[in-house]
>>> print(open('target00.cif').read())   # mmCIF, C-alpha atoms
data_query
loop_
_atom_site.label_atom_id
_atom_site.label_comp_id
_atom_site.auth_asym_id
_atom_site.auth_seq_id
_atom_site.Cartn_x
_atom_site.Cartn_y
_atom_site.Cartn_z
CA MET I 1 174.02 110.44 67.87
CA SER I 2 172.50 107.86 70.14
CA LYS I 3 169.23 107.91 71.95
CA ASN I 4 168.23 105.87 74.92
CA THR I 5 164.97 104.04 75.19
CA SER I 6 164.84 102.09 78.44
CA GLY I 7 168.58 101.62 78.61
CA LEU I 8 169.00 100.61 74.99
CA THR I 9 171.52 102.27 72.76
CA VAL I 10 170.18 103.13 69.35
CA TYR I 11 172.32 105.07 66.89
CA LYS I 12 170.52 107.49 64.64
CA THR I 13 171.41 107.45 60.97
CA ASP I 14 169.95 108.69 57.70
CA LYS I 15 170.17 108.19 53.99
CA LYS I 16 172.57 111.07 53.41
CA LEU I 17 176.01 110.18 52.12
CA THR I 18 178.46 112.91 52.96
CA PHE I 19 181.61 113.91 51.10
CA ARG I 20 183.57 111.87 53.61
CA ASP I 21 181.51 108.77 52.77
CA THR I 22 182.24 109.24 49.08
CA LEU I 23 185.91 109.77 49.83
CA GLY I 24 185.89 106.57 51.91
CA LEU I 25 184.24 104.69 49.06
CA TRP I 26 187.06 105.61 46.68
CA ARG I 27 189.67 104.95 49.31
CA VAL I 28 188.56 101.35 49.76
CA ARG I 29 188.10 100.86 46.02
CA LEU I 30 191.78 101.70 45.70
CA GLY I 31 192.46 99.11 48.36
CA ILE I 32 193.74 101.57 50.96
CA LYS I 33 193.01 100.32 54.49
CA ARG I 34 190.11 98.34 53.05
CA ASN I 35 190.05 95.96 56.00
CA SER I 36 189.37 98.65 58.56
CA TYR I 37 186.45 100.47 56.97
CA LYS I 38 183.93 99.58 59.65
CA VAL I 39 180.87 100.80 61.48
CA LYS I 40 180.15 99.89 65.08
CA PRO I 41 177.90 96.83 65.43
CA GLY I 42 174.59 97.74 67.05
CA ILE I 43 171.07 98.93 66.45
CA TYR I 44 170.61 101.92 64.20
CA CYS I 45 167.43 103.71 63.21
CA THR I 46 166.52 105.64 60.12
CA GLY I 47 163.42 107.87 60.02
CA ASN I 48 161.13 107.35 63.00
CA PRO I 49 160.67 103.63 63.43
CA ASN I 50 158.13 102.19 65.88
CA ARG I 51 157.42 98.76 67.27
CA ASP I 52 155.96 97.56 63.97
CA SER I 53 158.83 98.79 61.80
CA LEU I 54 160.99 96.38 59.89
CA VAL I 55 164.46 95.33 60.99
CA PHE I 56 167.10 95.20 58.26
CA VAL I 57 170.20 93.18 59.06
CA SER I 58 173.54 94.39 57.72
CA ALA I 59 177.26 93.73 57.81
CA ASN I 60 179.58 96.21 59.50
CA TYR I 61 181.64 96.93 56.39
CA LYS I 62 180.91 100.62 56.04
CA LEU I 63 180.26 100.33 52.31
CA SER I 64 177.56 97.70 52.94
CA PHE I 65 176.01 99.83 55.67
CA ASP I 66 176.12 103.05 53.61
CA ASN I 67 174.56 101.19 50.71
CA LEU I 68 171.70 99.99 52.88
CA ARG I 69 170.97 103.26 54.69
CA SER I 70 171.08 105.30 51.50
CA SER I 71 168.50 102.90 50.04
CA LEU I 72 166.10 103.30 52.97
CA ASP I 73 164.94 106.68 51.73
CA GLY I 74 161.62 107.57 53.39
CA ILE I 75 161.40 104.22 55.13
CA ASP I 76 161.17 104.17 58.93
CA ALA I 77 163.24 101.18 59.91
CA TRP I 78 165.68 99.61 62.32
CA ILE I 79 169.06 98.42 61.14
CA LEU I 80 170.78 95.61 63.01
CA VAL I 81 174.48 95.80 62.27
CA LEU I 82 176.30 92.55 62.94
CA ASP I 83 180.01 92.21 63.68
CA THR I 84 181.36 90.82 60.42
CA LYS I 85 184.87 92.14 61.13
CA GLY I 86 184.44 94.88 58.55
CA VAL I 87 183.76 92.44 55.72
CA ASN I 88 180.92 92.85 53.21
CA VAL I 89 177.75 90.74 53.34
CA TRP I 90 178.58 88.11 50.73
CA CYS I 91 182.19 87.49 51.72
CA ALA I 92 181.32 87.52 55.43
CA ALA I 93 178.58 84.96 54.82
CA GLY I 94 181.08 82.82 52.91
CA LYS I 95 183.60 83.12 55.75
CA GLY I 96 180.98 82.39 58.40
CA THR I 97 181.01 85.72 60.24
CA PHE I 98 177.61 86.73 58.84
CA SER I 99 175.94 83.65 60.20
CA THR I 100 172.92 82.15 61.94
CA GLU I 101 174.82 82.27 65.24
CA GLU I 102 175.91 85.88 64.78
CA ILE I 103 172.30 86.98 64.17
CA ILE I 104 171.07 85.13 67.24
CA ASN I 105 173.89 86.52 69.40
CA LYS I 106 173.36 90.09 68.31
CA LEU I 107 169.55 89.83 68.69
CA SER I 108 170.02 89.11 72.38
CA GLU I 109 173.10 91.30 72.92
CA PHE I 110 171.31 94.40 71.59
CA LYS I 111 167.93 93.39 73.12
CA VAL I 112 166.10 93.74 69.84
CA GLU I 113 162.92 92.23 71.27
CA GLN I 114 162.48 95.36 73.44
CA LEU I 115 162.26 97.56 70.35
CA ILE I 116 159.80 95.66 68.21
CA SER I 117 156.59 93.72 68.64
CA HIS I 118 156.98 91.46 65.62
CA LYS I 119 159.36 88.61 64.83
CA LYS I 120 160.59 89.42 61.34
CA LEU I 121 164.09 90.17 60.06
CA VAL I 122 164.95 91.30 56.57
CA VAL I 123 168.31 89.77 55.71
CA PRO I 124 170.13 90.45 52.42
CA GLN I 125 169.81 87.49 50.10
CA LEU I 126 173.57 87.17 49.66
CA ALA I 127 173.83 86.36 53.36
CA ALA I 128 172.00 83.09 52.67
CA THR I 129 175.37 81.41 52.25
CA GLY I 130 175.95 81.82 55.98
CA VAL I 131 172.45 82.28 57.38
CA SER I 132 170.01 79.43 57.58
CA ALA I 133 166.49 80.87 57.75
CA HIS I 134 164.96 77.72 59.24
CA ASP I 135 167.68 77.50 61.91
CA VAL I 136 167.19 81.14 62.94
CA LEU I 137 163.45 80.45 63.28
CA LYS I 138 164.05 77.29 65.27
CA LEU I 139 166.65 78.85 67.61
CA SER I 140 165.27 82.34 68.13
CA GLY I 141 161.71 82.43 66.86
CA TYR I 142 162.57 85.13 64.33
CA ARG I 143 161.43 84.69 60.75
CA VAL I 144 164.14 85.57 58.24
CA ILE I 145 162.89 87.14 55.05
CA PHE I 146 165.58 87.30 52.41
CA GLY I 147 165.57 90.72 50.79
CA PRO I 148 166.93 91.64 47.37
CA VAL I 149 170.58 91.27 46.39
CA ARG I 150 170.97 95.01 45.85
CA ALA I 151 169.86 97.38 48.60
CA GLN I 152 168.67 99.81 45.92
CA ASP I 153 165.83 97.37 45.15
CA ILE I 154 164.45 97.48 48.71
CA GLY I 155 161.73 99.97 47.79
CA CYS I 156 160.47 97.73 44.96
CA PHE I 157 160.83 94.70 47.22
CA LEU I 158 158.55 96.28 49.85
CA ASN I 159 156.01 97.38 47.22
CA ASN I 160 156.05 93.86 45.84
CA GLY I 161 154.77 92.45 49.15
CA MET I 162 158.26 91.54 50.50
CA LYS I 163 158.96 89.28 47.55
CA SER I 164 162.01 89.55 45.32
CA THR I 165 161.49 89.25 41.61
CA LYS I 166 163.82 87.14 39.49
CA GLU I 167 165.83 90.27 38.59
CA MET I 168 166.20 91.29 42.25
CA ARG I 169 167.54 87.83 43.13
CA ALA I 170 170.17 87.73 40.41
CA VAL I 171 173.78 88.77 40.88
CA ASN I 172 175.06 90.55 37.81
CA PHE I 173 178.56 91.21 36.62
CA GLY I 174 177.98 93.93 34.06
CA VAL I 175 180.56 96.31 32.70
CA LYS I 176 179.91 98.82 35.52
CA ASP I 177 180.27 96.14 38.20
CA ARG I 178 183.56 95.10 36.66
CA ALA I 179 184.82 98.63 36.08
CA VAL I 180 184.62 99.59 39.77
CA LEU I 181 186.90 96.64 40.57
CA ILE I 182 189.63 97.78 38.20
CA PRO I 183 191.35 100.26 40.57
CA LEU I 184 191.79 97.50 43.15
CA GLU I 185 193.04 95.05 40.52
CA PHE I 186 195.47 97.62 39.17
CA VAL I 187 196.78 98.53 42.62
CA GLY I 188 197.40 94.80 43.11
CA ALA I 189 199.39 94.69 39.87
CA LEU I 190 201.30 97.86 40.62
CA LYS I 191 203.89 96.29 42.93
CA TYR I 192 204.96 93.89 40.19
CA ILE I 193 205.13 96.69 37.64
CA LEU I 194 207.24 98.76 40.02
CA ALA I 195 209.52 95.76 40.58
CA ILE I 196 210.07 95.45 36.82
CA ILE I 197 210.79 99.17 36.54
CA ALA I 198 213.19 98.95 39.49
CA ALA I 199 215.01 96.05 37.79
CA PHE I 200 215.24 98.09 34.61
CA ILE I 201 216.72 101.06 36.48
CA ILE I 202 219.27 98.85 38.23
CA PHE I 203 220.33 97.21 34.94
CA LYS I 204 220.55 100.61 33.29
CA TYR I 205 222.62 102.06 36.13
CA THR I 206 224.98 99.09 36.24
CA LYS I 207 225.16 99.11 32.43
CA VAL I 208 224.09 95.49 32.16
CA ASP I 209 222.20 95.07 28.90
CA PHE I 210 219.66 92.58 30.22
CA ILE I 211 216.33 94.31 29.70
CA ASN I 212 215.80 97.64 27.97
CA LEU I 213 212.97 100.16 28.13
CA ARG I 214 210.90 98.28 25.55
CA ASP I 215 211.12 95.03 27.50
CA THR I 216 210.09 96.92 30.62
CA VAL I 217 207.02 98.27 28.83
CA ALA I 218 206.30 94.81 27.40
CA PHE I 219 206.40 92.97 30.73
CA SER I 220 204.60 95.71 32.66
CA GLY I 221 201.93 95.76 29.97
CA ALA I 222 201.18 92.10 30.64
CA PHE I 223 199.96 93.14 34.10
CA VAL I 224 197.97 96.02 32.67
CA MET I 225 196.27 93.64 30.21
CA ALA I 226 195.31 91.28 33.02
CA SER I 227 194.22 93.90 35.54
CA ILE I 228 192.42 96.37 33.28
CA ILE I 229 191.68 94.91 29.84
CA VAL I 230 190.55 91.44 30.99
CA PRO I 231 188.05 92.73 33.61
CA LEU I 232 186.69 95.33 31.23
CA PHE I 233 186.28 93.07 28.19
CA LEU I 234 185.58 89.86 30.11
CA PRO I 235 182.51 88.65 28.14
CA TRP I 236 184.10 89.31 24.78
CA ILE I 237 187.45 87.62 25.32
CA PRO I 238 187.21 83.99 24.19
CA GLY I 239 187.30 81.11 26.66
CA ARG I 240 185.48 80.43 29.91
CA ALA I 241 188.57 79.91 32.06
CA PHE I 242 189.98 83.20 33.37
CA SER I 243 193.55 82.07 32.73
CA LEU I 244 192.64 81.39 29.09
CA LYS I 245 191.13 84.87 28.75
CA GLY I 246 194.31 86.32 30.26
CA PHE I 247 196.43 84.18 27.93
CA PHE I 248 194.64 85.57 24.86
CA ALA I 249 194.99 89.14 26.13
CA GLY I 250 198.70 88.44 26.70
CA ILE I 251 199.14 87.05 23.17
CA ILE I 252 197.66 90.26 21.71
CA TRP I 253 200.03 92.36 23.79
CA MET I 254 202.98 90.15 22.92
CA LEU I 255 202.23 90.54 19.19
CA ALA I 256 201.89 94.30 19.58
CA MET I 257 205.23 94.50 21.37
CA THR I 258 206.93 92.29 18.79
CA ALA I 259 205.58 94.59 16.08
CA TRP I 260 207.13 97.50 17.96
CA ASN I 261 210.47 95.71 18.11
CA LEU I 262 210.17 95.17 14.36
CA SER I 263 209.15 98.75 13.69
CA PRO I 264 210.86 100.60 10.81
CA GLY I 265 212.83 102.69 13.26
CA SER I 266 214.66 99.72 14.64
CA ILE I 267 215.32 98.14 11.24
CA ILE I 268 216.67 101.42 9.88
CA GLN I 269 218.79 101.85 12.98
CA ASN I 270 220.00 98.33 12.48
CA GLY I 271 220.86 99.13 8.85
CA ILE I 272 222.81 102.24 9.84
CA ASN I 273 224.72 100.30 12.44
CA SER I 274 225.66 97.70 9.82
CA VAL I 275 227.38 100.25 7.62
CA SER I 276 231.09 100.32 8.31
CA THR I 277 234.21 101.74 6.75
CA ASP I 278 237.34 99.76 5.94
CA THR I 279 240.92 100.97 6.25
CA THR I 280 240.82 102.72 2.86
CA GLY I 281 237.84 104.73 3.93
CA THR I 282 235.27 103.05 1.68
CA TYR I 283 231.85 102.44 3.11
CA TYR I 284 230.44 98.97 2.88
CA PHE I 285 227.39 97.22 4.16
CA ASN I 286 228.22 94.43 6.54
CA LEU I 287 225.61 91.74 5.88
CA LEU I 288 227.05 89.53 8.59
CA LYS I 289 226.84 92.28 11.13
CA PHE I 290 223.27 93.06 10.07
CA PHE I 291 222.11 89.53 10.81
CA SER I 292 224.37 88.44 13.58
CA GLY I 293 223.88 91.77 15.24
CA ASN I 294 220.14 91.59 15.54
CA TRP I 295 218.57 88.51 14.09
CA LEU I 296 219.44 86.03 16.81
CA PRO I 297 218.81 88.29 19.80
CA PHE I 298 215.54 89.38 18.17
CA LEU I 299 214.42 85.77 17.78
CA LEU I 300 215.41 84.98 21.35
CA LEU I 301 213.62 88.04 22.63
CA THR I 302 210.46 87.26 20.67
CA LEU I 303 210.44 83.74 22.08
CA ALA I 304 211.00 85.12 25.57
CA TYR I 305 208.07 87.50 25.08
CA LEU I 306 205.97 84.58 23.86
CA MET I 307 206.79 82.67 27.04
CA ILE I 308 206.62 85.43 29.61
CA ILE I 309 203.90 87.90 28.55
CA PRO I 310 200.92 85.52 28.07
CA ALA I 311 201.93 83.60 31.20
CA ILE I 312 201.89 86.74 33.34
CA SER I 313 198.53 87.81 31.90
CA ALA I 314 197.06 84.34 32.32
CA PHE I 315 198.13 84.04 35.90
CA PHE I 316 197.14 87.52 36.89
CA ALA I 317 193.74 87.18 35.18
CA LEU I 318 193.21 84.08 37.29
CA ASN I 319 193.48 86.44 40.25
CA PHE I 320 190.28 88.11 39.09
CA THR I 321 188.24 84.96 39.86
CA GLY I 322 188.21 86.15 43.47
CA SER I 323 186.55 89.43 42.54
CA SER I 324 184.15 87.91 40.03
CA THR I 325 180.64 86.93 41.03
CA TYR I 326 180.21 83.65 39.19
CA THR I 327 183.27 81.42 39.59
CA SER I 328 183.03 78.18 41.56
CA LEU I 329 185.72 76.62 43.71
CA SER I 330 185.61 73.37 41.68
CA GLY I 331 186.13 75.40 38.52
CA VAL I 332 189.01 77.44 39.93
CA LYS I 333 190.74 74.28 41.16
CA LYS I 334 190.36 72.64 37.76
CA GLU I 335 191.68 75.68 35.94
CA MET I 336 194.64 76.01 38.32
CA LYS I 337 195.71 72.42 37.70
CA VAL I 338 196.61 73.49 34.17
CA ALA I 339 197.42 77.16 34.72
CA LEU I 340 199.92 76.76 37.54
CA PRO I 341 202.33 74.30 35.86
CA TYR I 342 202.03 76.31 32.62
CA PHE I 343 202.85 79.54 34.44
CA ILE I 344 205.92 78.14 36.16
CA THR I 345 207.25 76.38 33.04
CA ALA I 346 206.68 79.35 30.75
CA LEU I 347 208.26 81.79 33.16
CA CYS I 348 211.35 79.62 33.65
CA LEU I 349 211.75 79.11 29.89
CA GLY I 350 211.31 82.83 29.35
CA ALA I 351 213.98 83.65 31.93
CA VAL I 352 216.39 81.16 30.30
CA LEU I 353 215.76 82.72 26.88
CA LEU I 354 216.45 86.19 28.26
CA ILE I 355 219.71 84.97 29.79
CA ILE I 356 220.79 83.33 26.52
CA ARG I 357 219.97 86.53 24.67
CA PHE I 358 222.02 88.50 27.14
CA LEU I 359 224.99 86.12 26.76
CA VAL I 360 224.75 86.23 22.97
CA LYS I 361 224.69 90.02 22.97
CA THR I 362 227.50 90.35 25.46
CA TYR I 363 229.97 87.65 24.41
CA ILE I 364 229.30 86.80 20.77
CA MET I 365 228.65 90.18 19.29
CA MET D 1 175.29 88.36 27.76
CA LYS D 2 175.33 86.06 30.79
CA LEU D 3 178.82 85.12 31.89
CA LYS D 4 179.33 81.46 32.61
CA TYR D 5 182.25 79.60 34.09
CA LEU D 6 183.66 76.17 33.21
CA ARG D 7 181.28 73.52 31.91
CA ASN D 8 180.10 70.65 34.07
CA VAL D 9 182.32 71.22 37.07
CA ALA D 10 179.86 72.39 39.72
CA SER D 11 179.31 69.81 42.45
CA LEU D 12 175.63 70.66 43.04
CA ASN D 13 173.18 67.82 43.50
CA ILE D 14 169.54 67.65 44.53
CA ASN D 15 168.04 64.58 46.13
CA CYS D 16 164.56 64.51 44.68
CA CYS D 17 163.33 62.01 47.28
CA LYS D 18 163.98 64.46 50.09
CA CYS D 19 162.87 67.55 48.14
CA THR D 20 159.40 68.83 48.98
CA GLY D 21 159.40 71.56 46.36
CA CYS D 22 159.19 74.36 48.94
CA GLY D 23 161.26 76.61 46.72
CA VAL D 24 163.56 78.21 49.30
CA CYS D 25 166.55 77.19 47.19
CA VAL D 26 165.11 79.05 44.20
CA ASP D 27 164.72 82.19 46.34
CA VAL D 28 168.27 82.23 47.68
CA CYS D 29 170.16 81.24 44.51
CA PRO D 30 171.99 84.26 43.05
CA HIS D 31 172.31 82.70 39.59
CA ASP D 32 168.94 81.12 38.89
CA VAL D 33 170.45 77.64 38.86
CA ILE D 34 167.43 75.88 40.32
CA GLY D 35 163.83 75.84 39.16
CA ILE D 36 160.71 74.10 40.42
CA MET D 37 159.36 71.60 37.93
CA GLY D 38 156.74 69.01 38.73
CA LYS D 39 156.65 70.15 42.38
CA LYS D 40 160.34 69.33 42.81
CA ALA D 41 163.49 71.43 42.65
CA ASN D 42 165.50 70.77 39.51
CA ILE D 43 168.90 71.98 38.37
CA ILE D 44 168.13 74.00 35.27
CA ASP D 45 171.51 75.70 34.73
CA LEU D 46 174.39 73.80 36.33
CA ASP D 47 177.11 75.82 34.60
CA SER D 48 175.92 78.97 36.37
CA CYS D 49 176.36 77.39 39.80
CA MET D 50 179.18 79.03 41.78
CA GLU D 51 178.93 76.65 44.75
CA CYS D 52 178.17 79.46 47.21
CA GLY D 53 176.13 77.05 49.31
CA ALA D 54 173.13 79.32 49.92
CA CYS D 55 170.69 76.59 48.85
CA LEU D 56 172.50 73.98 50.92
CA LYS D 57 172.35 76.19 54.02
CA ASN D 58 168.67 76.98 53.58
CA CYS D 59 167.17 73.66 52.53
CA PRO D 60 165.09 72.56 55.55
CA PHE D 61 164.99 68.98 54.26
CA GLU D 62 168.70 68.45 53.59
CA ALA D 63 167.94 67.58 50.01
CA ILE D 64 170.86 69.52 48.57
CA SER D 65 174.52 68.60 48.45
CA VAL D 66 177.32 70.80 47.14
CA SER D 67 180.95 71.14 48.11
CA LYS D 68 180.70 74.75 49.14
CA GLY D 69 183.59 77.12 48.64
CA VAL D 70 184.76 80.43 47.30
CA GLY D 71 185.96 80.44 43.71
CA CYS D 72 189.05 82.52 44.33
CA ALA D 73 192.45 81.53 42.99
CA ILE D 74 194.34 83.43 45.69
CA ALA D 75 192.34 81.70 48.39
CA VAL D 76 193.16 78.31 46.82
CA LEU D 77 196.86 79.18 46.69
CA ASN D 78 196.90 80.48 50.26
CA SER D 79 195.08 77.45 51.61
CA ARG D 80 197.69 75.28 49.91
CA ASN D 81 200.53 77.22 51.48
CA ASN D 82 199.21 77.47 55.00
CA ASN D 83 196.99 74.45 54.82
CA GLY D 84 193.73 75.76 55.83
CA GLU D 85 192.36 79.19 56.21
CA CYS D 86 191.83 81.14 53.07
CA CYS D 87 191.57 84.80 52.51
CA CYS D 88 190.57 87.08 49.71
#
>>> encode(input="target00.cif", output="structure tokens")
Amino acid sequence: MSKNTSGLTVYKTDKKLTFRDTLGLWRVRLGIKRNSYKVKPGIYCTGNPNRDSLVFVSANYKLSFDNLRSSLDGIDAWILVLDTKGVNVWCAAGKGTFSTEEIINKLSEFKVEQLISHKKLVVPQLAATGVSAHDVLKLSGYRVIFGPVRAQDIGCFLNNGMKSTKEMRAVNFGVKDRAVLIPLEFVGALKYILAIIAAFIIFKYTKVDFINLRDTVAFSGAFVMASIIVPLFLPWIPGRAFSLKGFFAGIIWMLAMTAWNLSPGSIIQNGINSVSTDTTGTYYFNLLKFFSGNWLPFLLLTLAYLMIIPAISAFFALNFTGSSTYTSLSGVKKEMKVALPYFITALCLGAVLLIIRFLVKTYIM
Amino acid sequence: MKLKYLRNVASLNINCCKCTGCGVCVDVCPHDVIGIMGKKANIIDLDSCMECGACLKNCPFEAISVSKGVGCAIAVLNSRNNNGECCC
């Protein structure tokens, strides 16, 4: 796949995405071996570039590279792939691997000046966090032109005289952008859900009446709310803070689960259980049993739900700030100052309430 | 509907004495936070600023200050635990 022009290695590539590329895309979206989805740093060519062709700079996260090459349809160009340790453009720029220094190093390492007769580099705009255009010019003589945020806009960008429009410069976070992140969020939540299910199975097996199937669904659902519902309905859930959005989603779920606990089935069951017979064989309704049997544990459980479910949702929704495209560090720090103590307090209170409920059910009733 | 984060927390500042109005900051900003008015860069939408630092890095006149960082709760937690490097 490589051709040699005066001792230079140039890898040939094209815009075609194969089935394997699509498979890889879904693999990393599910978070499977996401940190090792790389292409080899180097010089690539698409079409038949010559000495006047443009050089597009890219990260070596394969998704970034695939995105770029598939957008260079019918364009003869060089692609300079940096070594960003398999991290995408924006994150690598934030971490400092997609940087001024990295561009300068790779320009000389891959002898780019032997391929082209101009001194222009098209760098994705999101790399601007790590790449200083005026420093690159000063240190290497190359002029950095920031291209559009999305590689798909490259055609329009070139037709527009290498200028991005306002739309091309803007990072969006629409429903589609958020939806593709959901698998990764959910996979992140899955280990907690599995832990809850494992606890339920252990309690069931050891016949300890600590949490039942409904509680398992209730607590697991808190993670589902935060990892699926919050990302999907982000703009419509009230509040600007992510933890607040998660809190509201958790409250809705908590109310739904409480309604389920109150459902006619359980009250009827409760009524049946409260009917007893005395020694003479007469049936009577034991009012005391009806209330003492369910009222107190129900109240304790509802309070435990109120503590635990919104706290889990709030904290896990806060997790989504890292995947979002508009949260600032100052904002996240401010939000965490409130969210973290709340989370710890609510979770401890919830655990205490569950323990009290367990003791009441086991020793009083 | 444009999503916005917390009000009035972003640490972005522009020194109008140093600013020459070249507009590089406008070109690199992913959230249209800065606009050129009266031949100077002005913050027109502070609440959209995510402190990515693109403008800071690319201002040739050092007119911009912002405490750059990644708005990621996990990274904040991790940097607390191992005092320093973050991850996402």
>>> interface_residues(input="target00.cif", of="chain I", to="chain D", cutoff="9 Å", atoms="all atoms listed in the file", output="VMD selection string")
chain I and resid 91 94 to 95 125 to 135 146 149 164 166 169 to 174 234 to 235 239 to 242 318 to 336
>>> resolve_selection(input="target00.cif", expression="the PyMOL selection byres ((chain I and resi 71) around 10)", output="VMD selection string")
chain I and resid 14 to 16 65 to 70 72 to 75 150 to 155
>>> resolve_selection(input="target00.cif", expression="the PyMOL selection byres ((chain I and resi 114) around 10)", output="number ranges by chain")
I: 5-6, 8, 51, 108, 110-113, 115-117
>>> closest_residue(input="target00.cif", among="I:Val55, I:Leu244, I:Val180, I:Met254", to="Pro124 (chain I)", atoms="all atoms listed in the file")
I:Val55
>>> atom_distance(input="target00.cif", atom1="CA of Asn50 (chain I)", atom2="CA of Gly86 (chain I)")
28.3 Å
>>> resolve_selection(input="target00.cif", expression="the PyMOL selection byres ((chain D and resi 17) around 12)", output="PDB file with C-alpha atoms, in the coordinates of the input")
ATOM      1  CA  ILE D  14     169.540  67.650  44.530  1.00  0.00           C
ATOM      2  CA  ASN D  15     168.040  64.580  46.130  1.00  0.00           C
ATOM      3  CA  CYS D  16     164.560  64.510  44.680  1.00  0.00           C
ATOM      4  CA  LYS D  18     163.980  64.460  50.090  1.00  0.00           C
ATOM      5  CA  CYS D  19     162.870  67.550  48.140  1.00  0.00           C
ATOM      6  CA  THR D  20     159.400  68.830  48.980  1.00  0.00           C
ATOM      7  CA  GLY D  21     159.400  71.560  46.360  1.00  0.00           C
ATOM      8  CA  LYS D  39     156.650  70.150  42.380  1.00  0.00           C
ATOM      9  CA  LYS D  40     160.340  69.330  42.810  1.00  0.00           C
ATOM     10  CA  ALA D  41     163.490  71.430  42.650  1.00  0.00           C
ATOM     11  CA  ASN D  42     165.500  70.770  39.510  1.00  0.00           C
ATOM     12  CA  PHE D  61     164.990  68.980  54.260  1.00  0.00           C
ATOM     13  CA  GLU D  62     168.700  68.450  53.590  1.00  0.00           C
ATOM     14  CA  ALA D  63     167.940  67.580  50.010  1.00  0.00           C
ATOM     15  CA  ILE D  64     170.860  69.520  48.570  1.00  0.00           C
TER      16      ILE D  64
END
>>> atom_distance(input="target00.cif", atom1="CA of Leu347 (chain I)", atom2="CA of Ile309 (chain I)")
8.8 Å
>>> atom_distance(input="target00.cif", atom1="CA of Leu181 (chain I)", atom2="CA of Lys163 (chain I)")
29.7 Å
>>> closest_residue(input="target00.cif", among="I:Leu54, I:Val360, I:Met168, I:Ala249", to="Ile145 (chain I)", atoms="all atoms listed in the file")
I:Leu54
>>> decode(input="target00.cif", residues="region 20-32 of chain D", atoms="N, CA and C atoms", output="mmCIF file, in the first residue's frame")
data_model
loop_
_atom_site.group_PDB
_atom_site.id
_atom_site.type_symbol
_atom_site.label_atom_id
_atom_site.label_comp_id
_atom_site.auth_asym_id
_atom_site.auth_seq_id
_atom_site.Cartn_x
_atom_site.Cartn_y
_atom_site.Cartn_z
ATOM 1 N N THR D 20 -5.794 43.553 18.686
ATOM 2 C CA THR D 20 -5.665 44.336 17.452
ATOM 3 C C THR D 20 -6.861 44.115 16.533
ATOM 4 N N GLY D 21 -7.767 43.249 16.966
ATOM 5 C CA GLY D 21 -8.947 42.983 16.148
ATOM 6 C C GLY D 21 -8.671 42.108 14.945
ATOM 7 N N CYS D 22 -7.625 41.276 15.026
ATOM 8 C CA CYS D 22 -7.263 40.436 13.862
ATOM 9 C C CYS D 22 -8.300 39.356 13.584
ATOM 10 N N GLY D 23 -9.012 38.944 14.616
ATOM 11 C CA GLY D 23 -10.121 38.018 14.394
ATOM 12 C C GLY D 23 -9.780 36.541 14.398
ATOM 13 N N VAL D 24 -8.543 36.180 14.726
ATOM 14 C CA VAL D 24 -8.195 34.755 14.778
ATOM 15 C C VAL D 24 -9.045 34.044 15.834
ATOM 16 N N CYS D 25 -9.263 34.694 16.948
ATOM 17 C CA CYS D 25 -10.049 34.101 18.031
ATOM 18 C C CYS D 25 -11.467 33.768 17.567
ATOM 19 N N VAL D 26 -12.032 34.629 16.734
ATOM 20 C CA VAL D 26 -13.382 34.389 16.217
ATOM 21 C C VAL D 26 -13.372 33.131 15.351
ATOM 22 N N ASP D 27 -12.301 32.973 14.562
ATOM 23 C CA ASP D 27 -12.208 31.825 13.648
ATOM 24 C C ASP D 27 -12.024 30.498 14.364
ATOM 25 N N VAL D 28 -11.351 30.492 15.490
ATOM 26 C CA VAL D 28 -11.082 29.208 16.155
ATOM 27 C C VAL D 28 -12.116 28.835 17.215
ATOM 28 N N CYS D 29 -12.949 29.784 17.622
ATOM 29 C CA CYS D 29 -13.914 29.493 18.698
ATOM 30 C C CYS D 29 -15.020 28.556 18.207
ATOM 31 N N PRO D 30 -15.214 27.418 18.904
ATOM 32 C CA PRO D 30 -16.247 26.478 18.455
ATOM 33 C C PRO D 30 -17.663 26.863 18.886
ATOM 34 N N HIS D 31 -17.789 27.927 19.693
ATOM 35 C CA HIS D 31 -19.125 28.261 20.191
ATOM 36 C C HIS D 31 -19.515 29.719 19.968
ATOM 37 N N ASP D 32 -18.804 30.385 19.056
ATOM 38 C CA ASP D 32 -19.209 31.733 18.689
ATOM 39 C C ASP D 32 -19.306 32.665 19.907
#
